[in-house]
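The next block holds one structure in the form of structure tokens; read it before the comments.
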Amino acid sequence: MWQRNGTSLLDFILEGIFDDSPTHAFLFSLTMVVFLVAVSGNSLTILLICADPRLHTPMYFLLSQLSLLDLMYICTTIPKMAANYLSGRKSISFVGCAIQHFFYMSLGAAECVLLTLMSYDRYVAICNPLRYTILMNRRVTLMMAVISWLGGFIKSFIHTMILMHFPFCGSRKIRHFYCEFPAVLKLACGDVTLYEKTVYISTVCFIIFPILLVSTSYTFIIHSVIQMRSAGSKRNAFATCSSHLTVVSLWFGALIFSYMRPRSQRTPLQDKVGSVFYTIITPTLNPLIYTLRNKDIAKAVRRVLGRGSTQ
């Protein structure tokens with residue numbers, strides 16, 4: 001067995017979230033339905049934006065990046081959970097746990113950054129509409145996507161490398177359904193207090209700082225909307241921002257509940273419930289929120305379907 005610094009590459013045991021009871025079997029089936037809805041909804045959003053030239057705008061490009069993040073995010077955790085439940089096995093390899101931890105943390109951090117940058121896009125569109133094509137040109141939009149992905153990957157890579165180099169010399173049972181950071185860190189031997197505080201501060205910065213920037217953008221947006229004389233313009237402005245604001249509220253609300261509560265008030269069950277919300281529910285709701293009341297997406301669906309029926 002290969003070992004280094006007292007850490008052996010033994011499998012971890014994922015406690016999971018479902019047992020063999022009929023009630024949990026039903027909840028597992030429901031979770032898989034929600035998973036399929038999330039995969040279908042986000043995939044369809046990406047395909048529509050790519051297929052319809054009229055959706056090749058900065059707002060929809062950023063939306064396609066959000067859908068891609070959500071698609072990868074839900075595929076990072078749920079398939080492994082489902083495989084373990086169906087097979088009766090609960091193990092995940094050391095390397096598999098490290099990879100899962102890296103992707104879930106990097107995609108979550110990238111989504112925080114992307115949602116923040118999307119609020120700037122809405123600010124420019126409403127407060128500086130005449131300069132929108134200049135301020136939100138193709139180069140700027142691509143840079144926004146690169147910053148989101150790269151920022152998340154760098155943060156996650158550093159934390160994952162440090163975490164997985166701690167010795168795990170005791171229990172290997174992770175009290176979660178995936179390799180979530182706090183659940184894995186509880187298994188580490190040695191003094192992890194300083195590292196835990198550092199990660200907590202880093203996580204708070206990735207939550208609080210984006211919330212402050214989003215709030216600043218919407219303060220200017222609301223001020224501009226109030227000054228509009230046309231009721232129709234006000235309705236269009238609020239309709240443009242309502243979807244993004246709803247997604248932001250759901251995402252950051254779930255993160256605050258999961259990661260900013262005092263440790264004394266946290267239980268494994270609460271951690272699992274919070275994780276279910278932002279790893280399953282939010283990626284499922286995001287494409288629905290953005291598409292149900294979006295006339296451009298509805299028109300794109302009709303155009304794509306009409307184009308397919310004529311071939």
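Chain identifiers are assigned as A, B, and so on, following the order in which chains appear in the structure tokens; residues are numbered from 1 within each chain, and ligands are numbered from 1 in order of appearance.
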
Closest-contact table, segment 174-263 of chain A side, partner segment 74-97 of chain A, 7 Å, counting only C-alpha atoms, as CSV:
residue,atom,partner,partner_atom,distance
A:Phe177,CA,A:Met81,CA,6.2
A:Tyr178,CA,A:Thr77,CA,6.1
A:Cys179,CA,A:Cys97,CA,5.7

Export of the given selection (all heavy atoms) as a PDB file, in the first residue's frame:
ATOM      1  N   PHE A 177     -23.183  12.526   1.511  1.00  0.00           N
ATOM      2  CA  PHE A 177     -23.362  11.685   0.337  1.00  0.00           C
ATOM      3  C   PHE A 177     -22.360  12.002  -0.761  1.00  0.00           C
ATOM      4  O   PHE A 177     -22.405  11.427  -1.840  1.00  0.00           O
ATOM      5  CB  PHE A 177     -24.802  11.776  -0.193  1.00  0.00           C
ATOM      6  CG  PHE A 177     -25.222  13.140  -0.678  1.00  0.00           C
ATOM      7  CD1 PHE A 177     -25.076  13.500  -2.010  1.00  0.00           C
ATOM      8  CD2 PHE A 177     -25.782  14.059   0.187  1.00  0.00           C
ATOM      9  CE1 PHE A 177     -25.471  14.736  -2.463  1.00  0.00           C
ATOM     10  CE2 PHE A 177     -26.194  15.308  -0.260  1.00  0.00           C
ATOM     11  CZ  PHE A 177     -26.037  15.652  -1.590  1.00  0.00           C
ATOM     12  N   TYR A 178     -21.446  12.924  -0.486  1.00  0.00           N
ATOM     13  CA  TYR A 178     -20.309  13.178  -1.378  1.00  0.00           C
ATOM     14  C   TYR A 178     -19.183  13.769  -0.548  1.00  0.00           C
ATOM     15  O   TYR A 178     -19.347  14.038   0.652  1.00  0.00           O
ATOM     16  CB  TYR A 178     -20.692  14.098  -2.549  1.00  0.00           C
ATOM     17  CG  TYR A 178     -21.041  15.515  -2.163  1.00  0.00           C
ATOM     18  CD1 TYR A 178     -20.104  16.531  -2.220  1.00  0.00           C
ATOM     19  CD2 TYR A 178     -22.339  15.848  -1.773  1.00  0.00           C
ATOM     20  CE1 TYR A 178     -20.427  17.828  -1.885  1.00  0.00           C
ATOM     21  CE2 TYR A 178     -22.675  17.152  -1.444  1.00  0.00           C
ATOM     22  CZ  TYR A 178     -21.715  18.131  -1.496  1.00  0.00           C
ATOM     23  OH  TYR A 178     -22.043  19.420  -1.153  1.00  0.00           O
ATOM     24  N   CYS A 179     -18.028  13.970  -1.167  1.00  0.00           N
ATOM     25  CA  CYS A 179     -16.838  14.423  -0.437  1.00  0.00           C
ATOM     26  C   CYS A 179     -16.879  15.930  -0.234  1.00  0.00           C
ATOM     27  O   CYS A 179     -16.101  16.692  -0.836  1.00  0.00           O
ATOM     28  CB  CYS A 179     -15.575  14.005  -1.187  1.00  0.00           C
ATOM     29  SG  CYS A 179     -15.282  12.230  -1.162  1.00  0.00           S
TER      30      CYS A 179
END

Next item on the list: Would you list, as a PyMOL selection string, the residues of segment 128-234 of chain A that end up in helix (DSSP H, G or I) under DSSP run on this structure's backbone?
Entry: chain A and resi 129-135+138-163+181-185+193-227+231-234

Check: If you count only C-alpha atoms, which residues fall within 7 Å of segment 139-148 of chain A, apart from same-chain ones fewer than 2 positions away, as a ChimeraX atom specification?
Finding: /A:58,110,113-114,117,136-137,150-152

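The nearest approach to Arg302 of chain A among the residues A:Ile289, A:Val34, A:Asp52, A:Gly41, with only C-alpha atoms taken into account, belongs to A:Asp52.
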
Please provide as an mmCIF file with N, CA, C and O atoms, in the first residue's frame all residues within 10 Å of Leu250 of chain A, with the sequence filter that same-chain residues fewer than 6 positions apart are discarded (counting only C-alpha atoms).
data_model
loop_
_atom_site.group_PDB
_atom_site.id
_atom_site.type_symbol
_atom_site.label_atom_id
_atom_site.label_comp_id
_atom_site.auth_asym_id
_atom_site.auth_seq_id
_atom_site.Cartn_x
_atom_site.Cartn_y
_atom_site.Cartn_z
ATOM 1 N N PHE A 277 -30.058 21.084 -1.435
ATOM 2 C CA PHE A 277 -30.672 22.269 -2.038
ATOM 3 C C PHE A 277 -29.765 22.881 -3.107
ATOM 4 O O PHE A 277 -30.212 23.149 -4.227
ATOM 5 N N TYR A 278 -28.468 23.089 -2.766
ATOM 6 C CA TYR A 278 -27.630 23.782 -3.749
ATOM 7 C C TYR A 278 -26.941 22.857 -4.743
ATOM 8 O O TYR A 278 -26.381 23.328 -5.740
ATOM 9 N N ILE A 281 -31.441 20.970 -6.128
ATOM 10 C CA ILE A 281 -32.604 21.821 -6.364
ATOM 11 C C ILE A 281 -32.256 23.053 -7.189
ATOM 12 O O ILE A 281 -32.924 23.354 -8.191
ATOM 13 N N THR A 282 -31.208 23.764 -6.788
ATOM 14 C CA THR A 282 -30.846 25.005 -7.499
ATOM 15 C C THR A 282 -30.480 24.756 -8.965
ATOM 16 O O THR A 282 -30.972 25.471 -9.849
ATOM 17 N N LEU A 285 -33.764 24.322 -10.770
ATOM 18 C CA LEU A 285 -34.628 25.499 -10.877
ATOM 19 C C LEU A 285 -34.066 26.570 -11.805
ATOM 20 O O LEU A 285 -34.826 27.291 -12.456
ATOM 21 N N ASN A 286 -32.743 26.685 -11.871
ATOM 22 C CA ASN A 286 -32.143 27.769 -12.654
ATOM 23 C C ASN A 286 -32.620 27.827 -14.104
ATOM 24 O O ASN A 286 -33.049 28.891 -14.572
#

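Distances from A:Ser64, A:Ser215, A:Thr160, A:Asn294 to Ser249 of chain A were compared using only C-alpha atoms, and the smallest one belongs to A:Ser215.
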
Notebook entry, point to check: Restricting the calculation to only C-alpha atoms, which member of A:Val273, A:Val247, A:Leu68, A:Leu44 is positioned closest to Ile17 of chain A?
Noted result: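 Looking only at the distances to Ile17 of chain A, the closest residue turns out to be A:Val273.
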
Check: With distances taken over only C-alpha atoms, which of A:Tyr120, A:Phe209, A:Phe166, A:Phe102 is nearest to Cys241 of chain A?
Finding: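 Of A:Tyr120, A:Phe209, A:Phe166, A:Phe102, the one nearest Cys241 of chain A is A:Tyr120, counting only C-alpha atoms.
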
Checklist line | Residue with smallest distance to Phe157 of chain A - pool A:Ala109, A:Ile211, A:Val192, A:Met118, counting only C-alpha atoms | finding: A:Ala109

Notebook entry, point to check: What is the atom CA of Leu288 of chain A to atom CA of Phe238 of chain A distance in Å?
Noted result: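 Separation between atom CA of Leu288 of chain A and atom CA of Phe238 of chain A: 17.7 Å.
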
Next item on the list: Find the residues around Phe220 of chain A up to 8 Å (only C-alpha atoms counted), leave out those fewer than 4 positions away in its own chain, and share them as a list in words.
Entry: Tyr123, Cys127, Thr216 and Ser224 of chain A

Can you write out the residues you just picked, keeping N, CA, C and O atoms, as a PDB file, in the first residue's frame?
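Just written: result_26.pdb:
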ATOM      1  N   TYR A 123     -26.592  45.522 -15.102  1.00  0.00           N
ATOM      2  CA  TYR A 123     -26.377  46.940 -14.774  1.00  0.00           C
ATOM      3  C   TYR A 123     -26.076  47.756 -16.034  1.00  0.00           C
ATOM      4  O   TYR A 123     -26.659  48.821 -16.258  1.00  0.00           O
ATOM      5  N   CYS A 127     -28.619  50.591 -17.107  1.00  0.00           N
ATOM      6  CA  CYS A 127     -28.124  51.924 -16.745  1.00  0.00           C
ATOM      7  C   CYS A 127     -27.331  52.601 -17.868  1.00  0.00           C
ATOM      8  O   CYS A 127     -27.249  53.833 -17.908  1.00  0.00           O
ATOM      9  N   THR A 216     -24.699  46.190  -5.001  1.00  0.00           N
ATOM     10  CA  THR A 216     -24.324  47.498  -5.561  1.00  0.00           C
ATOM     11  C   THR A 216     -24.887  47.665  -6.964  1.00  0.00           C
ATOM     12  O   THR A 216     -25.435  48.727  -7.303  1.00  0.00           O
ATOM     13  N   SER A 224     -32.047  53.662 -11.515  1.00  0.00           N
ATOM     14  CA  SER A 224     -32.309  53.990 -12.922  1.00  0.00           C
ATOM     15  C   SER A 224     -33.751  53.670 -13.308  1.00  0.00           C
ATOM     16  O   SER A 224     -34.387  54.426 -14.049  1.00  0.00           O
TER      17      SER A 224
END

Next item on the list: Pick out the residues sitting within 7 Å of Phe28 of chain A, and hand them over as a VMD selection string; count only C-alpha atoms, and ignore anything fewer than 4 positions along from it in its own chain.
Entry: chain A and resid 18 24 32

Just-selected residues, N, CA, C and O atoms written as a short mmCIF file (atom, residue, chain, number, x, y, z; two decimals), in the first residue's frame:
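Below is the file that was written, out-v6.cif:
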data_model
loop_
_atom_site.label_atom_id
_atom_site.label_comp_id
_atom_site.auth_asym_id
_atom_site.auth_seq_id
_atom_site.Cartn_x
_atom_site.Cartn_y
_atom_site.Cartn_z
N PHE A 18 -29.73 8.05 1.73
CA PHE A 18 -30.89 7.17 1.68
C PHE A 18 -30.54 5.80 2.27
O PHE A 18 -29.41 5.34 2.14
N HIS A 24 -37.43 5.97 1.76
CA HIS A 24 -36.19 6.46 1.16
C HIS A 24 -36.04 5.99 -0.28
O HIS A 24 -35.43 6.68 -1.10
N MET A 32 -33.83 11.13 -8.54
CA MET A 32 -33.36 10.80 -9.88
C MET A 32 -34.21 11.50 -10.94
O MET A 32 -33.69 11.91 -11.99
#

Notebook entry, point to check: Which is closer to Leu14 of chain A than all the others in A:Val199, A:Ile207, A:Ala183, A:Ile280, using only C-alpha atoms?
Noted result: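 Looking only at the distances to Leu14 of chain A, the closest residue turns out to be A:Ala183.
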
Notebook entry, point to check: Which residues come within 7 Å of Leu66 of chain A, counting only C-alpha atoms, excluding same-chain residues fewer than 4 positions away, as JSON, numbers by chain?
Noted result: {"A": [62, 70, 111]}

Note to self: I'd like to know which residues of segment 17-196 of chain A are strand (DSSP E) (by DSSP, run on the backbone); could you write them as a list in words?
What the structure shows: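 Reading the DSSP output for segment 17-196 of chain A, strand (DSSP E) covers Ser91, Ile92, Lys173 and Ile174 of chain A.
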
Output for the residues just chosen: N, CA and C atoms as a compact mmCIF listing (two decimals), in the first residue's frame:
# COMPACT_ATOMS: atom_id res chain seq x y z
N SER A 91 -18.42 2.97 -0.86
CA SER A 91 -17.03 3.41 -0.89
C SER A 91 -16.77 4.39 -2.03
N ILE A 92 -15.76 5.20 -1.83
CA ILE A 92 -15.21 6.07 -2.89
C ILE A 92 -13.71 6.09 -2.68
N LYS A 173 -15.17 7.10 7.48
CA LYS A 173 -16.57 7.27 7.15
C LYS A 173 -16.92 8.75 7.04
N ILE A 174 -17.29 9.18 5.83
CA ILE A 174 -17.70 10.56 5.58
C ILE A 174 -19.20 10.66 5.81

Margin query: As an exercise, work out the distance from atom CA of His176 of chain A to atom CA of Pro268 of chain A in Å and give it to one decimal place.
Written below: 7.2 Å

Checklist line | Atomic separation - atom CA of Phe61 of chain A relative to atom CA of Ala300 of chain A, Å | finding: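 Distance reported for this atom pair: 14.3 Å.
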